[in-house]
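Below is one structure, written out as structure tokens; the observations come after it.
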Amino acid sequence: MNYYQIVAFAQQLKKENMNKKQNDAFRDDAYNEESKLYGEFMSEVKLHDYSYMMSDDHNVYMKGRSFERQIEEKLHILISVCRYDADDLLDRVLSIVKQEYNDKDSNGDDLTHRVIKGWFSPYITNDEVSGTYEDLEKLGRGRSKY
């Protein structure tokens, strides 16, 4: 059982045992795993090299892409299994990841915020996120991969 399956299992136990006092340990474990996953996700989002896709070094590209996949998997678990609100989580992520590049698009987003909004695009359908689709296509990160 991998880490994400454990989190999903813990979430299922949390739902089943929410009102049963004898299973407090299961519920506590589910909350602890959820908190741990959230902390890892936020830490990885802060540390991610958002410019990896522009590297001429294949190893840098592969490492960055692998790291990004891990972030996307954790995001999926947080939203789909742990039931975090995608809009709120997006706002939190955008507030901790500062814009570092001068390549702002028509929405005022640089590379970092366009990539982040691309991660959230399967979960949010408002204009703020879906309006960056053309910019993500240029980066090869369009919605077709989802």
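Labels used: A, B, ... for chains in the order of the structure tokens, numbers from 1 for residues in each chain, and numbers from 1 for ligands as shown.
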Can you list, as a PDB file with N, CA and C atoms, in the first residue's frame, every protein, DNA or RNA residue that comes within 8 Å of Arg65 of chain A when you count only C-alpha atoms, leaving out same-chain residues fewer than 3 positions away?
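What ended up in part20.pdb:
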```pdb
ATOM      1  N   TYR A  52      11.909  24.511 -14.365  1.00  0.00           N
ATOM      2  CA  TYR A  52      12.572  23.288 -14.813  1.00  0.00           C
ATOM      3  C   TYR A  52      12.308  22.985 -16.283  1.00  0.00           C
ATOM      4  N   MET A  53      11.120  23.331 -16.770  1.00  0.00           N
ATOM      5  CA  MET A  53      10.749  22.965 -18.141  1.00  0.00           C
ATOM      6  C   MET A  53      11.544  23.750 -19.187  1.00  0.00           C
ATOM      7  N   TYR A  61      15.334  18.605 -16.095  1.00  0.00           N
ATOM      8  CA  TYR A  61      13.940  18.535 -16.548  1.00  0.00           C
ATOM      9  C   TYR A  61      13.228  17.339 -15.908  1.00  0.00           C
ATOM     10  N   MET A  62      13.848  16.165 -15.950  1.00  0.00           N
ATOM     11  CA  MET A  62      13.202  14.963 -15.416  1.00  0.00           C
ATOM     12  C   MET A  62      12.983  15.062 -13.905  1.00  0.00           C
ATOM     13  N   GLU A  68       7.091  17.733  -9.770  1.00  0.00           N
ATOM     14  CA  GLU A  68       5.791  18.332 -10.061  1.00  0.00           C
ATOM     15  C   GLU A  68       4.682  17.290 -10.032  1.00  0.00           C
ATOM     16  N   ARG A  69       4.954  16.095 -10.510  1.00  0.00           N
ATOM     17  CA  ARG A  69       3.949  15.023 -10.454  1.00  0.00           C
ATOM     18  C   ARG A  69       3.591  14.684  -9.011  1.00  0.00           C
TER      19      ARG A  69
END
```
With only C-alpha atoms as the counted atoms, please give the residues lying no more than 9 Å from segment 36-39 of chain A, apart from itself and same-chain residues fewer than 5 positions off, as JSON, numbers by chain. {"A": [7, 31, 44, 74, 75, 77, 78]}
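When atom CA of Val97 of chain A is paired with atom CA of Lys46 of chain A, their separation reads 5.9 Å.
Between Leu89 of chain A and the residues A:Ile71, A:Met42, A:Leu111, A:Met54, the shortest atom-to-atom distance, using only C-alpha atoms, involves A:Met42.
Among the candidates A:Asn102, A:Arg114, A:Gln11, A:Asp49, the residue lying nearest to Asn32 of chain A is A:Gln11 (atoms considered: only C-alpha atoms).
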Alpha helix (DSSP H) call set, DSSP backbone run, segment 59-95 of chain A, as an MDAnalysis selection string: chainID A and resid 59:76 86:95
Atoms kept (C-alpha atoms) for selection, written as an mmCIF file, in the first residue's frame:
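So the final result, stored in again_15.cif, reads:
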```cif
data_model
loop_
_atom_site.group_PDB
_atom_site.id
_atom_site.type_symbol
_atom_site.label_atom_id
_atom_site.label_comp_id
_atom_site.auth_asym_id
_atom_site.auth_seq_id
_atom_site.Cartn_x
_atom_site.Cartn_y
_atom_site.Cartn_z
ATOM 1 C CA ASN A 59 18.283 15.478 -15.813
ATOM 2 C CA VAL A 60 17.089 18.820 -14.439
ATOM 3 C CA TYR A 61 13.940 18.535 -16.548
ATOM 4 C CA MET A 62 13.202 14.963 -15.416
ATOM 5 C CA LYS A 63 13.814 15.790 -11.746
ATOM 6 C CA GLY A 64 11.558 18.854 -11.970
ATOM 7 C CA ARG A 65 8.818 16.948 -13.780
ATOM 8 C CA SER A 66 8.946 14.129 -11.229
ATOM 9 C CA PHE A 67 8.725 16.616 -8.358
ATOM 10 C CA GLU A 68 5.791 18.332 -10.061
ATOM 11 C CA ARG A 69 3.949 15.023 -10.454
ATOM 12 C CA GLN A 70 4.343 14.404 -6.717
ATOM 13 C CA ILE A 71 2.850 17.816 -6.018
ATOM 14 C CA GLU A 72 -0.069 17.126 -8.386
ATOM 15 C CA GLU A 73 -0.727 13.743 -6.737
ATOM 16 C CA LYS A 74 -0.807 15.318 -3.283
ATOM 17 C CA LEU A 75 -3.084 18.076 -4.552
ATOM 18 C CA HIS A 76 -5.465 15.469 -5.945
ATOM 19 C CA ALA A 86 -9.937 23.899 -4.158
ATOM 20 C CA ASP A 87 -10.574 27.659 -4.233
ATOM 21 C CA ASP A 88 -9.322 28.150 -0.678
ATOM 22 C CA LEU A 89 -6.308 25.928 -1.222
ATOM 23 C CA LEU A 90 -5.428 27.781 -4.435
ATOM 24 C CA ASP A 91 -5.608 31.104 -2.591
ATOM 25 C CA ARG A 92 -3.312 29.779 0.156
ATOM 26 C CA VAL A 93 -0.789 28.437 -2.355
ATOM 27 C CA LEU A 94 -0.755 31.650 -4.388
ATOM 28 C CA SER A 95 -0.225 33.657 -1.212
#
```
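Between atom CA of Glu40 of chain A and atom CA of Phe9 of chain A there is a distance of 18.4 Å.
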